[in-house]
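S.K.: You'll find model.cif just under this line, and it carries mmCIF, C-alpha atoms.
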```cif
data_query
#
loop_
_atom_site.label_atom_id
_atom_site.label_comp_id
_atom_site.auth_asym_id
_atom_site.auth_seq_id
_atom_site.Cartn_x
_atom_site.Cartn_y
_atom_site.Cartn_z
CA MET A 1 25.33 189.80 106.28
CA ILE A 2 25.35 192.01 109.41
CA PHE A 3 28.10 189.85 110.89
CA LEU A 4 30.19 190.10 107.72
CA ARG A 5 29.86 193.88 107.42
CA ALA A 6 30.60 194.47 111.10
CA THR A 7 33.69 192.26 111.18
CA LEU A 8 35.13 193.65 107.93
CA ARG A 9 34.58 197.22 109.15
CA GLU A 10 36.37 196.51 112.42
CA PHE A 11 39.22 194.62 110.73
CA THR A 12 39.76 197.54 108.37
CA ALA A 13 39.76 200.16 111.12
CA SER A 14 42.16 198.16 113.26
CA GLY A 15 44.39 197.36 110.29
CA ILE A 16 44.75 201.01 109.24
CA ALA A 17 45.53 202.09 112.81
CA VAL A 18 48.12 199.34 113.35
CA LEU A 19 49.74 199.95 109.95
CA LEU A 20 50.07 203.69 110.60
CA VAL A 21 51.71 203.03 113.96
CA LEU A 22 54.15 200.51 112.46
CA ILE A 23 55.00 202.86 109.57
CA ALA A 24 55.56 205.75 111.98
CA ILE A 25 57.91 203.66 114.15
CA THR A 26 59.82 202.34 111.13
CA PHE A 27 60.12 205.74 109.46
CA THR A 28 61.31 207.35 112.67
CA THR A 29 64.02 204.78 113.32
CA GLN A 30 65.20 204.84 109.71
CA LEU A 31 65.15 208.65 109.59
CA ILE A 32 67.28 208.83 112.74
CA ARG A 33 69.67 206.30 111.20
CA PHE A 34 70.06 208.20 107.93
CA LEU A 35 70.35 211.56 109.70
CA GLY A 36 73.17 210.06 111.76
CA PHE A 37 74.97 209.05 108.56
CA ALA A 38 74.41 212.54 107.13
CA ALA A 39 75.72 214.22 110.29
CA LYS A 40 78.93 212.19 110.03
CA GLY A 41 79.29 213.07 106.36
CA GLY A 42 78.61 209.51 105.19
CA ILE A 43 75.78 210.62 102.92
CA PRO A 44 74.71 214.08 101.73
CA ALA A 45 71.76 215.68 103.46
CA ASP A 46 69.75 215.78 100.22
CA ALA A 47 70.04 211.98 99.90
CA VAL A 48 68.23 211.25 103.18
CA LEU A 49 64.68 211.41 101.81
CA THR A 50 65.60 209.39 98.71
CA LEU A 51 67.14 206.58 100.74
CA LEU A 52 64.24 206.74 103.20
CA GLY A 53 61.77 206.24 100.35
CA PHE A 54 63.64 203.21 99.02
CA ALA A 55 63.85 201.77 102.55
CA ALA A 56 60.10 202.27 103.02
CA LEU A 57 59.30 200.10 99.98
CA GLY A 58 61.71 197.49 101.32
CA TYR A 59 59.98 197.28 104.70
CA LEU A 60 56.39 197.65 103.49
CA PRO A 61 55.65 193.93 102.80
CA VAL A 62 56.76 192.98 106.31
CA LEU A 63 54.78 195.83 107.87
CA LEU A 64 51.64 194.85 105.95
CA SER A 65 51.96 191.24 107.15
CA ALA A 66 52.37 192.34 110.76
CA ALA A 67 49.46 194.80 110.51
CA LEU A 68 47.20 192.10 109.00
CA PHE A 69 48.03 189.69 111.81
CA LEU A 70 47.56 192.22 114.61
CA SER A 71 44.36 193.71 113.20
CA VAL A 72 42.57 190.33 113.16
CA LEU A 73 44.01 189.36 116.54
CA LEU A 74 43.11 192.61 118.31
CA SER A 75 39.62 192.81 116.77
CA MET A 76 38.68 189.27 117.73
CA SER A 77 40.27 189.62 121.17
CA ARG A 78 38.10 192.67 121.78
CA SER A 79 35.03 190.64 120.79
CA TYR A 80 35.93 188.03 123.41
CA ARG A 81 36.71 190.63 126.06
CA ASP A 82 33.46 192.59 125.48
CA SER A 83 31.40 189.36 125.33
CA GLU A 84 30.42 190.03 121.71
CA MET A 85 31.68 186.58 120.79
CA VAL A 86 28.99 185.06 123.01
CA VAL A 87 26.35 186.98 121.08
CA TRP A 88 27.70 185.86 117.72
CA MET A 89 27.90 182.23 118.86
CA SER A 90 24.36 182.40 120.23
CA SER A 91 23.29 183.62 116.79
CA GLY A 92 24.79 180.52 115.20
CA VAL A 93 28.22 181.88 114.22
CA ALA A 94 30.79 179.32 115.34
CA LEU A 95 34.52 179.96 115.52
CA LEU A 96 34.98 178.41 112.08
CA GLY A 97 32.50 180.97 110.73
CA TRP A 98 35.15 183.67 111.23
CA PHE A 99 37.22 182.20 108.40
CA ARG A 100 35.06 183.86 105.74
CA PRO A 101 35.42 187.50 106.93
CA VAL A 102 39.10 186.97 107.78
CA LEU A 103 39.81 185.60 104.29
CA LEU A 104 37.81 188.37 102.59
CA PHE A 105 39.82 190.94 104.53
CA ALA A 106 43.19 189.18 104.21
CA LEU A 107 43.26 188.16 100.54
CA PRO A 108 43.60 191.71 99.07
CA VAL A 109 46.36 192.45 101.59
CA VAL A 110 48.11 189.17 100.77
CA LEU A 111 47.89 190.01 97.06
CA LEU A 112 49.44 193.43 97.74
CA VAL A 113 52.20 191.83 99.82
CA GLY A 114 52.91 189.45 96.95
CA VAL A 115 53.15 192.27 94.39
CA LEU A 116 55.46 194.26 96.67
CA SER A 117 57.61 191.26 97.54
CA LEU A 118 57.99 189.94 94.00
CA TYR A 119 58.23 193.18 92.02
CA LEU A 120 58.33 196.57 93.76
CA THR A 121 60.62 195.78 96.70
CA PRO A 122 63.41 194.25 94.53
CA TRP A 123 63.21 197.30 92.26
CA ALA A 124 63.47 199.68 95.23
CA LEU A 125 66.39 197.77 96.77
CA GLY A 126 68.19 197.74 93.42
CA ARG A 127 67.76 201.50 92.97
CA SER A 128 68.93 202.04 96.56
CA ASP A 129 72.11 200.01 95.97
CA GLU A 130 72.82 201.89 92.72
CA TYR A 131 72.27 205.23 94.44
CA ARG A 132 74.62 204.30 97.28
CA HIS A 133 77.21 203.17 94.74
CA HIS A 134 76.90 206.52 92.98
CA LEU A 135 77.43 208.37 96.27
CA GLU A 136 80.53 206.30 97.07
CA ASN A 137 82.13 207.12 93.70
CA ARG A 138 81.73 210.88 93.83
CA ASP A 139 84.81 213.09 93.96
CA ASP A 140 85.84 214.81 97.20
CA VAL A 141 84.20 218.17 96.53
CA SER A 142 80.92 216.65 95.32
CA ALA A 143 80.73 214.73 98.58
CA VAL A 144 81.14 217.84 100.73
CA ALA A 145 78.05 218.89 102.69
CA PRO A 146 77.66 222.42 104.07
CA GLY A 147 78.60 222.67 107.74
CA VAL A 148 80.19 219.20 107.88
CA PHE A 149 83.88 218.27 108.02
CA LYS A 150 84.54 215.76 105.24
CA GLU A 151 87.68 213.66 104.79
CA SER A 152 88.97 212.93 101.30
CA LYS A 153 88.98 209.40 99.91
CA ASN A 154 92.75 208.92 100.45
CA GLY A 155 92.65 210.55 103.89
CA ASP A 156 95.19 213.35 103.22
CA ARG A 157 92.69 216.23 103.19
CA ILE A 158 89.80 217.48 105.27
CA PHE A 159 87.29 219.89 103.74
CA PHE A 160 84.80 222.23 105.36
CA VAL A 161 82.54 224.75 103.65
CA GLU A 162 79.93 226.90 105.28
CA LYS A 163 77.80 227.38 102.18
CA ILE A 164 77.61 225.76 98.76
CA THR A 165 75.43 226.47 95.75
CA PRO A 166 73.05 223.77 94.48
CA ASP A 167 75.15 223.25 91.33
CA LEU A 168 78.28 222.65 93.50
CA GLN A 169 80.16 225.34 91.57
CA GLN A 170 80.44 228.11 94.20
CA VAL A 171 81.49 227.76 97.85
CA SER A 172 82.05 230.26 100.65
CA ASN A 173 84.04 230.30 103.91
CA VAL A 174 86.25 227.35 102.95
CA PHE A 175 88.61 225.43 105.24
CA VAL A 176 91.04 222.83 103.85
CA ARG A 177 93.55 220.87 105.94
CA SER A 178 96.13 218.80 104.07
CA ASN A 179 99.17 216.69 104.90
CA GLN A 180 101.97 216.42 102.34
CA ASP A 181 105.44 215.01 103.00
CA GLY A 182 104.90 215.18 106.75
CA ARG A 183 103.98 218.86 106.74
CA ASP A 184 100.55 220.06 107.80
CA GLY A 185 98.87 222.74 105.76
CA VAL A 186 95.76 224.72 106.54
CA MET A 187 94.04 226.94 103.99
CA VAL A 188 91.15 229.28 104.62
CA ALA A 189 89.38 231.41 102.05
CA LYS A 190 86.32 233.60 101.85
CA ARG A 191 85.03 231.96 98.70
CA GLY A 192 85.91 229.63 95.86
CA TYR A 193 84.64 227.97 92.74
CA MET A 194 85.08 224.86 90.61
CA GLU A 195 87.23 225.00 87.49
CA THR A 196 87.74 222.33 84.81
CA GLN A 197 90.92 222.47 82.70
CA ALA A 198 91.17 221.58 79.01
CA ASP A 199 92.71 218.17 79.93
CA GLY A 200 89.69 217.33 82.08
CA GLU A 201 91.40 217.92 85.44
CA ARG A 202 89.18 219.59 88.02
CA TYR A 203 90.37 222.15 90.57
CA LEU A 204 88.88 223.92 93.56
CA VAL A 205 90.00 227.53 93.16
CA LEU A 206 90.17 229.48 96.44
CA LEU A 207 90.09 233.28 96.37
CA ASN A 208 91.40 235.83 98.87
CA GLY A 209 92.66 233.44 101.53
CA SER A 210 95.64 232.35 103.61
CA ARG A 211 97.72 229.21 103.93
CA TYR A 212 99.54 228.04 107.04
CA ASP A 213 101.96 225.12 106.74
CA GLY A 214 104.72 223.54 108.76
CA THR A 215 105.84 220.49 110.73
CA PRO A 216 103.93 219.67 113.94
CA GLY A 217 106.08 220.26 117.03
CA GLN A 218 108.47 222.65 115.29
CA ALA A 219 108.49 226.43 115.00
CA ASP A 220 108.86 226.51 111.25
CA TYR A 221 105.31 227.43 110.32
CA ARG A 222 104.89 229.98 107.59
CA LEU A 223 101.99 232.16 106.53
CA VAL A 224 101.21 232.83 102.90
CA GLU A 225 98.37 235.06 101.79
CA PHE A 226 97.04 234.51 98.30
CA ALA A 227 94.56 236.03 95.91
CA ARG A 228 94.03 232.77 94.01
CA TYR A 229 94.98 229.20 94.97
CA ALA A 230 94.01 226.06 93.04
CA VAL A 231 93.62 222.69 94.75
CA ARG A 232 93.48 219.66 92.45
CA ILE A 233 90.47 217.43 92.99
CA GLU A 234 91.39 213.79 92.85
CA VAL A 235 88.85 211.67 91.05
CA PRO A 236 88.49 208.33 92.86
CA GLU A 237 88.87 205.09 90.97
CA THR A 238 85.44 203.97 89.92
CA LYS A 239 84.40 200.76 91.63
CA ALA A 240 82.43 198.18 89.72
CA PHE A 241 78.82 197.76 90.76
CA PHE A 242 77.76 194.21 91.58
CA PRO A 243 74.04 193.88 92.38
CA THR A 244 72.99 191.51 95.12
CA GLU A 245 70.38 188.77 94.85
CA ARG A 246 67.83 190.89 96.69
CA SER A 247 67.85 193.46 93.86
CA PHE A 248 67.36 190.95 91.01
CA THR A 249 63.92 190.77 89.45
CA THR A 250 61.90 187.65 90.10
CA ALA A 251 62.21 186.70 86.43
CA GLU A 252 66.01 186.84 86.72
CA LEU A 253 65.92 184.62 89.80
CA LEU A 254 63.88 182.02 87.91
CA ARG A 255 66.05 182.26 84.81
CA ASP A 256 69.33 181.55 86.63
CA PRO A 257 68.46 179.40 89.69
CA THR A 258 71.74 179.44 91.64
CA PRO A 259 71.55 178.45 95.35
CA LEU A 260 71.64 182.11 96.48
CA LYS A 261 68.90 183.08 94.04
CA ARG A 262 66.79 180.10 95.08
CA GLY A 263 67.08 181.23 98.70
CA GLU A 264 66.00 184.75 97.76
CA LEU A 265 63.03 183.32 95.87
CA VAL A 266 62.03 181.29 98.94
CA TRP A 267 62.00 184.51 100.98
CA ARG A 268 59.95 186.47 98.45
CA LEU A 269 57.31 183.77 97.98
CA GLY A 270 57.26 183.11 101.71
CA LEU A 271 56.13 186.65 102.60
CA PRO A 272 52.59 186.49 101.09
CA LEU A 273 52.15 182.89 102.29
CA SER A 274 53.15 183.86 105.82
CA ALA A 275 50.80 186.88 105.72
CA LEU A 276 47.85 184.60 104.91
CA MET A 277 48.85 182.01 107.50
CA LEU A 278 49.31 184.65 110.22
CA ALA A 279 45.83 186.05 109.55
CA LEU A 280 44.34 182.57 110.01
CA LEU A 281 46.48 181.88 113.08
CA ALA A 282 44.97 184.96 114.71
CA ILE A 283 41.56 183.23 114.85
CA PRO A 284 42.40 180.59 117.50
CA MET A 285 44.98 182.85 119.20
CA SER A 286 42.39 185.58 119.86
CA SER A 287 40.46 183.53 122.42
CA VAL A 288 40.72 185.25 125.82
CA ASN A 289 38.98 185.15 129.15
CA PRO A 290 36.76 188.27 129.39
CA ARG A 291 37.99 188.83 132.95
CA THR A 292 41.63 189.10 131.84
CA GLY A 293 43.43 191.63 129.67
CA ARG A 294 44.80 191.20 126.18
CA SER A 295 48.47 191.32 127.22
CA VAL A 296 48.87 187.54 127.14
CA ASN A 297 47.55 187.38 123.58
CA VAL A 298 49.78 190.19 122.39
CA ILE A 299 52.87 188.61 123.96
CA MET A 300 51.97 185.27 122.40
CA ALA A 301 51.37 186.96 119.05
CA VAL A 302 54.80 188.61 119.13
CA PHE A 303 56.38 185.26 119.99
CA VAL A 304 54.57 183.46 117.13
CA TYR A 305 55.39 186.21 114.65
CA MET A 306 59.10 186.29 115.55
CA THR A 307 59.32 182.50 115.49
CA TYR A 308 57.59 182.31 112.10
CA SER A 309 59.81 185.02 110.61
CA ASN A 310 62.99 183.41 111.94
CA LEU A 311 61.97 180.01 110.57
CA ILE A 312 61.51 181.54 107.11
CA SER A 313 64.96 183.13 107.37
CA ILE A 314 66.48 179.80 108.45
CA SER A 315 64.81 178.04 105.52
CA GLN A 316 66.19 180.67 103.15
CA SER A 317 69.69 180.19 104.58
CA TRP A 318 69.47 176.39 104.32
CA VAL A 319 68.29 176.60 100.71
CA GLU A 320 71.26 178.87 99.93
CA GLN A 321 73.57 176.33 101.58
CA GLU A 322 71.80 173.51 99.67
CA LYS A 323 70.77 171.79 102.90
CA LEU A 324 67.14 171.91 101.74
CA THR A 325 65.53 171.73 98.33
CA PRO A 326 63.70 174.92 97.28
CA LEU A 327 60.30 173.19 97.49
CA VAL A 328 60.90 171.94 101.03
CA GLY A 329 62.36 175.28 102.06
CA LEU A 330 59.35 177.12 100.67
CA LEU A 331 56.54 174.89 101.93
CA GLY A 332 58.04 173.25 105.02
CA VAL A 333 57.67 176.18 107.42
CA HIS A 334 54.19 177.09 106.18
CA LEU A 335 52.95 173.51 106.45
CA LEU A 336 54.32 173.43 109.99
CA MET A 337 52.37 176.57 110.86
CA ALA A 338 49.30 175.10 109.16
CA GLY A 339 49.61 172.18 111.57
CA VAL A 340 49.81 174.64 114.48
CA LEU A 341 46.68 176.35 113.11
CA ALA A 342 44.80 173.03 112.90
CA LEU A 343 45.87 172.11 116.43
CA GLY A 344 44.79 175.53 117.76
CA LEU A 345 41.40 175.31 116.07
CA PHE A 346 40.88 171.76 117.33
CA SER A 347 41.63 172.82 120.92
CA LYS A 348 39.10 175.69 120.67
CA VAL A 349 36.32 174.05 118.66
CA LEU A 350 36.22 170.64 120.36
CA PRO A 351 35.26 171.93 123.85
CA PHE A 352 32.49 174.03 122.25
CA TYR A 353 30.89 170.99 120.65
CA LEU A 354 31.38 168.85 123.77
CA ARG A 355 29.46 171.37 125.85
CA ARG A 356 26.58 171.11 123.37
#
```
What is this structure when it is put down as structure tokens?

M.R.:
Amino acid sequence: MIFLRATLREFTASGIAVLLVLIAITFTTQLIRFLGFAAKGGIPADAVLTLLGFAALGYLPVLLSAALFLSVLLSMSRSYRDSEMVVWMSSGVALLGWFRPVLLFALPVVLLVGVLSLYLTPWALGRSDEYRHHLENRDDVSAVAPGVFKESKNGDRIFFVEKITPDLQQVSNVFVRSNQDGRDGVMVAKRGYMETQADGERYLVLLNGSRYDGTPGQADYRLVEFARYAVRIEVPETKAFFPTERSFTTAELLRDPTPLKRGELVWRLGLPLSALMLALLAIPMSSVNPRTGRSVNVIMAVFVYMTYSNLISISQSWVEQEKLTPLVGLLGVHLLMAGVLALGLFSKVLPFYLRR
């Protein structure tokens, strides 16, 4: 009982620490990525947190699997390095005795990975795709972000506003550059507002501004000052939304088993299976010489994790290409890693019994 409580407590502490580090790294990289898109005008600034939340749910099953693997590996490696493993073995706890605490710790995490992979992650990816589609089909003015130069959909106008109200109806310090019939035009205005005509046409009305237009390279520019100038807002042609296999619910994948949907199903079911197998693989991989550091184990763990993940991706691709049946694609890689687990345990347990 003391052994079980001590190991579960250490697994939990290590798992929380590793998961927080992985989440922080992932969030930081994704936040930088989305902020880069927002700075270029690709997405509005207020969409960054929404897309970041959807991306977090998409990455969470993978992060949980990695955290589960590393927490068991690092905890057991520390026991070897601090000679605690010798104490446990002297008390009658063999290497195979670690399976019970590892399974008790891993099974709730594996269940959570399964729920995320089969249900929550597809929902989040579907909402993310729909949200991106909505952003791509906005009109030019709706896509404008304060302080960012934004090009229109057809490329003939560039907008810049310094300030904009939350309802997108009032703007201030407006700059519009347009190109019509080979003549460049630049309009600046102190403020403006949105106006919708009776026929449904929308206009950006600029107040108290100036317009400069002419042909580049020629001295025929003219200056026109205006009290009110209306710019028609072109509504882009709405593109049809086609969801990808990754956003389909698991029930939809089972209901219409096309090759692409079978491959997606192999990936989703493979995540919880790989999480369980990685936790068990950490048992033989944690064995270290107390006089050496843990760097070799960590490097080996990264290699095993990357290899395992790539093999699952290859199996998914081969199922989609109908080179493998779904059953072989789903179980083949995990049975291979189960063989590696058995070989690793045999190489660690056999010398122990021979010395006895």

S.K.: Contacts of stretch 109-115 of chain A at 10 Å or less, counting all atoms listed in the file, minus same-chain residues fewer than 2 places along, as a list in words?

M.R.: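 Near stretch 109-115 of chain A, the qualifying residues are Leu60, Pro61, Val62, Leu63, Leu64, Ser65, Ala67, Leu68, Leu103, Leu104, Phe105, Ala106, Leu107, Ser117, Leu118, Tyr119, Leu120, Thr121, Arg268, Leu269, Gly270, Leu271, Pro272, Leu273, Ser274, Ala275, Leu276, Met277 and Ala279 of chain A.
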
S.K.: Apply the PyMOL selection byres ((chain A and resi 21-32) around 12) to the displayed file and report the matching residues as a PyMOL selection string.

M.R.: chain A and resi 14-20+33-39+45+47-68+70-71

S.K.: Write out the residues from the selection above, keeping C-alpha atoms, as a PDB file, in the coordinates of the input.

M.R.:
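Writing done, so here's again_33.pdb:
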```pdb
ATOM      1  CA  SER A  14      42.160 198.160 113.260  1.00  0.00           C
ATOM      2  CA  GLY A  15      44.390 197.360 110.290  1.00  0.00           C
ATOM      3  CA  ILE A  16      44.750 201.010 109.240  1.00  0.00           C
ATOM      4  CA  ALA A  17      45.530 202.090 112.810  1.00  0.00           C
ATOM      5  CA  VAL A  18      48.120 199.340 113.350  1.00  0.00           C
ATOM      6  CA  LEU A  19      49.740 199.950 109.950  1.00  0.00           C
ATOM      7  CA  LEU A  20      50.070 203.690 110.600  1.00  0.00           C
ATOM      8  CA  ARG A  33      69.670 206.300 111.200  1.00  0.00           C
ATOM      9  CA  PHE A  34      70.060 208.200 107.930  1.00  0.00           C
ATOM     10  CA  LEU A  35      70.350 211.560 109.700  1.00  0.00           C
ATOM     11  CA  GLY A  36      73.170 210.060 111.760  1.00  0.00           C
ATOM     12  CA  PHE A  37      74.970 209.050 108.560  1.00  0.00           C
ATOM     13  CA  ALA A  38      74.410 212.540 107.130  1.00  0.00           C
ATOM     14  CA  ALA A  39      75.720 214.220 110.290  1.00  0.00           C
ATOM     15  CA  ALA A  45      71.760 215.680 103.460  1.00  0.00           C
ATOM     16  CA  ALA A  47      70.040 211.980  99.900  1.00  0.00           C
ATOM     17  CA  VAL A  48      68.230 211.250 103.180  1.00  0.00           C
ATOM     18  CA  LEU A  49      64.680 211.410 101.810  1.00  0.00           C
ATOM     19  CA  THR A  50      65.600 209.390  98.710  1.00  0.00           C
ATOM     20  CA  LEU A  51      67.140 206.580 100.740  1.00  0.00           C
ATOM     21  CA  LEU A  52      64.240 206.740 103.200  1.00  0.00           C
ATOM     22  CA  GLY A  53      61.770 206.240 100.350  1.00  0.00           C
ATOM     23  CA  PHE A  54      63.640 203.210  99.020  1.00  0.00           C
ATOM     24  CA  ALA A  55      63.850 201.770 102.550  1.00  0.00           C
ATOM     25  CA  ALA A  56      60.100 202.270 103.020  1.00  0.00           C
ATOM     26  CA  LEU A  57      59.300 200.100  99.980  1.00  0.00           C
ATOM     27  CA  GLY A  58      61.710 197.490 101.320  1.00  0.00           C
ATOM     28  CA  TYR A  59      59.980 197.280 104.700  1.00  0.00           C
ATOM     29  CA  LEU A  60      56.390 197.650 103.490  1.00  0.00           C
ATOM     30  CA  PRO A  61      55.650 193.930 102.800  1.00  0.00           C
ATOM     31  CA  VAL A  62      56.760 192.980 106.310  1.00  0.00           C
ATOM     32  CA  LEU A  63      54.780 195.830 107.870  1.00  0.00           C
ATOM     33  CA  LEU A  64      51.640 194.850 105.950  1.00  0.00           C
ATOM     34  CA  SER A  65      51.960 191.240 107.150  1.00  0.00           C
ATOM     35  CA  ALA A  66      52.370 192.340 110.760  1.00  0.00           C
ATOM     36  CA  ALA A  67      49.460 194.800 110.510  1.00  0.00           C
ATOM     37  CA  LEU A  68      47.200 192.100 109.000  1.00  0.00           C
ATOM     38  CA  LEU A  70      47.560 192.220 114.610  1.00  0.00           C
ATOM     39  CA  SER A  71      44.360 193.710 113.200  1.00  0.00           C
TER      40      SER A  71
END
```

S.K.: Within 9 Å of A:Arg127, counting only C-alpha atoms, which residues qualify if same-chain residues fewer than 5 places away don't, as a PDB file with C-alpha atoms, keeping the file's coordinate frame?

M.R.:
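Output file selection-v8.pdb is given in full below:
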```pdb
ATOM      1  CA  PHE A  54      63.640 203.210  99.020  1.00  0.00           C
ATOM      2  CA  PRO A 122      63.410 194.250  94.530  1.00  0.00           C
ATOM      3  CA  ARG A 132      74.620 204.300  97.280  1.00  0.00           C
ATOM      4  CA  SER A 247      67.850 193.460  93.860  1.00  0.00           C
TER       5      SER A 247
END
```

S.K.: Restricting the calculation to all atoms listed in the file: of A:Tyr80, A:Tyr308, A:Trp318, A:Phe11, which residue gets closest to A:Leu335?

M.R.: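 Selected residue with least distance to A:Leu335: A:Tyr308.
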
S.K.: Counting only C-alpha atoms, which of A:Leu265, A:Val224, A:Ile2, A:Ala189 gets nearest to A:Ile312?

M.R.: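 Checking each candidate against A:Ile312, we get A:Leu265 as the closest.
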
S.K.: Quote the spacing between atom CA of A:Asp129 and atom CA of A:Leu116 in Å to one decimal place.

M.R.: 17.6 Å

S.K.: One decimal, Å: what's the distance from atom CA of A:Met300 over to atom CA of A:Gly339, could you say?

M.R.: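 If I compute the distance from atom CA of A:Met300 to atom CA of A:Gly339, I get 17.2 Å.
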
S.K.: Kindly resolve the PyMOL selection byres ((chain A and resi 8) around 8) on the present coordinates and return the residues as a PDB file with C-alpha atoms, in the coordinates of the input.

M.R.:
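Dumped to part_26.pdb:
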```
ATOM      1  CA  LEU A   4      30.190 190.100 107.720  1.00  0.00           C
ATOM      2  CA  ARG A   5      29.860 193.880 107.420  1.00  0.00           C
ATOM      3  CA  ALA A   6      30.600 194.470 111.100  1.00  0.00           C
ATOM      4  CA  THR A   7      33.690 192.260 111.180  1.00  0.00           C
ATOM      5  CA  ARG A   9      34.580 197.220 109.150  1.00  0.00           C
ATOM      6  CA  GLU A  10      36.370 196.510 112.420  1.00  0.00           C
ATOM      7  CA  PHE A  11      39.220 194.620 110.730  1.00  0.00           C
ATOM      8  CA  THR A  12      39.760 197.540 108.370  1.00  0.00           C
ATOM      9  CA  PRO A 101      35.420 187.500 106.930  1.00  0.00           C
ATOM     10  CA  VAL A 102      39.100 186.970 107.780  1.00  0.00           C
ATOM     11  CA  LEU A 104      37.810 188.370 102.590  1.00  0.00           C
ATOM     12  CA  PHE A 105      39.820 190.940 104.530  1.00  0.00           C
TER      13      PHE A 105
END
```

S.K.: Take stretch 254-269 of chain A, model N, CA and C atoms, and hand the result over as a PDB file, keeping the file's coordinate frame.

M.R.:
```pdb
ATOM      1  N   LEU A 254      64.369 183.261  88.507  1.00  0.00           N
ATOM      2  CA  LEU A 254      63.880 182.020  87.910  1.00  0.00           C
ATOM      3  C   LEU A 254      64.727 181.595  86.711  1.00  0.00           C
ATOM      4  N   ARG A 255      65.285 182.571  86.011  1.00  0.00           N
ATOM      5  CA  ARG A 255      66.050 182.260  84.810  1.00  0.00           C
ATOM      6  C   ARG A 255      67.422 181.650  85.140  1.00  0.00           C
ATOM      7  N   ASP A 256      68.011 182.047  86.246  1.00  0.00           N
ATOM      8  CA  ASP A 256      69.330 181.550  86.630  1.00  0.00           C
ATOM      9  C   ASP A 256      69.269 181.068  88.080  1.00  0.00           C
ATOM     10  N   PRO A 257      68.730 179.865  88.328  1.00  0.00           N
ATOM     11  CA  PRO A 257      68.460 179.400  89.690  1.00  0.00           C
ATOM     12  C   PRO A 257      69.712 178.891  90.427  1.00  0.00           C
ATOM     13  N   THR A 258      70.619 179.799  90.784  1.00  0.00           N
ATOM     14  CA  THR A 258      71.740 179.440  91.640  1.00  0.00           C
ATOM     15  C   THR A 258      71.232 179.270  93.073  1.00  0.00           C
ATOM     16  N   PRO A 259      72.007 178.632  93.960  1.00  0.00           N
ATOM     17  CA  PRO A 259      71.550 178.450  95.350  1.00  0.00           C
ATOM     18  C   PRO A 259      71.163 179.766  96.029  1.00  0.00           C
ATOM     19  N   LEU A 260      71.958 180.839  95.842  1.00  0.00           N
ATOM     20  CA  LEU A 260      71.640 182.110  96.480  1.00  0.00           C
ATOM     21  C   LEU A 260      70.339 182.691  95.936  1.00  0.00           C
ATOM     22  N   LYS A 261      70.122 182.549  94.642  1.00  0.00           N
ATOM     23  CA  LYS A 261      68.900 183.080  94.040  1.00  0.00           C
ATOM     24  C   LYS A 261      67.689 182.234  94.429  1.00  0.00           C
ATOM     25  N   ARG A 262      67.896 180.942  94.596  1.00  0.00           N
ATOM     26  CA  ARG A 262      66.790 180.100  95.080  1.00  0.00           C
ATOM     27  C   ARG A 262      66.384 180.502  96.499  1.00  0.00           C
ATOM     28  N   GLY A 263      67.377 180.781  97.333  1.00  0.00           N
ATOM     29  CA  GLY A 263      67.080 181.230  98.700  1.00  0.00           C
ATOM     30  C   GLY A 263      66.319 182.540  98.712  1.00  0.00           C
ATOM     31  N   GLU A 264      66.706 183.468  97.846  1.00  0.00           N
ATOM     32  CA  GLU A 264      66.000 184.750  97.760  1.00  0.00           C
ATOM     33  C   GLU A 264      64.572 184.540  97.283  1.00  0.00           C
ATOM     34  N   LEU A 265      64.375 183.614  96.370  1.00  0.00           N
ATOM     35  CA  LEU A 265      63.030 183.320  95.870  1.00  0.00           C
ATOM     36  C   LEU A 265      62.162 182.713  96.970  1.00  0.00           C
ATOM     37  N   VAL A 266      62.759 181.869  97.803  1.00  0.00           N
ATOM     38  CA  VAL A 266      62.030 181.290  98.940  1.00  0.00           C
ATOM     39  C   VAL A 266      61.541 182.402  99.869  1.00  0.00           C
ATOM     40  N   TRP A 267      62.388 183.397 100.107  1.00  0.00           N
ATOM     41  CA  TRP A 267      62.000 184.510 100.980  1.00  0.00           C
ATOM     42  C   TRP A 267      60.865 185.325 100.370  1.00  0.00           C
ATOM     43  N   ARG A 268      60.970 185.632  99.086  1.00  0.00           N
ATOM     44  CA  ARG A 268      59.950 186.470  98.450  1.00  0.00           C
ATOM     45  C   ARG A 268      58.595 185.776  98.399  1.00  0.00           C
ATOM     46  N   LEU A 269      58.583 184.507  98.032  1.00  0.00           N
ATOM     47  CA  LEU A 269      57.310 183.770  97.980  1.00  0.00           C
ATOM     48  C   LEU A 269      56.782 183.486  99.381  1.00  0.00           C
TER      49      LEU A 269
END
```
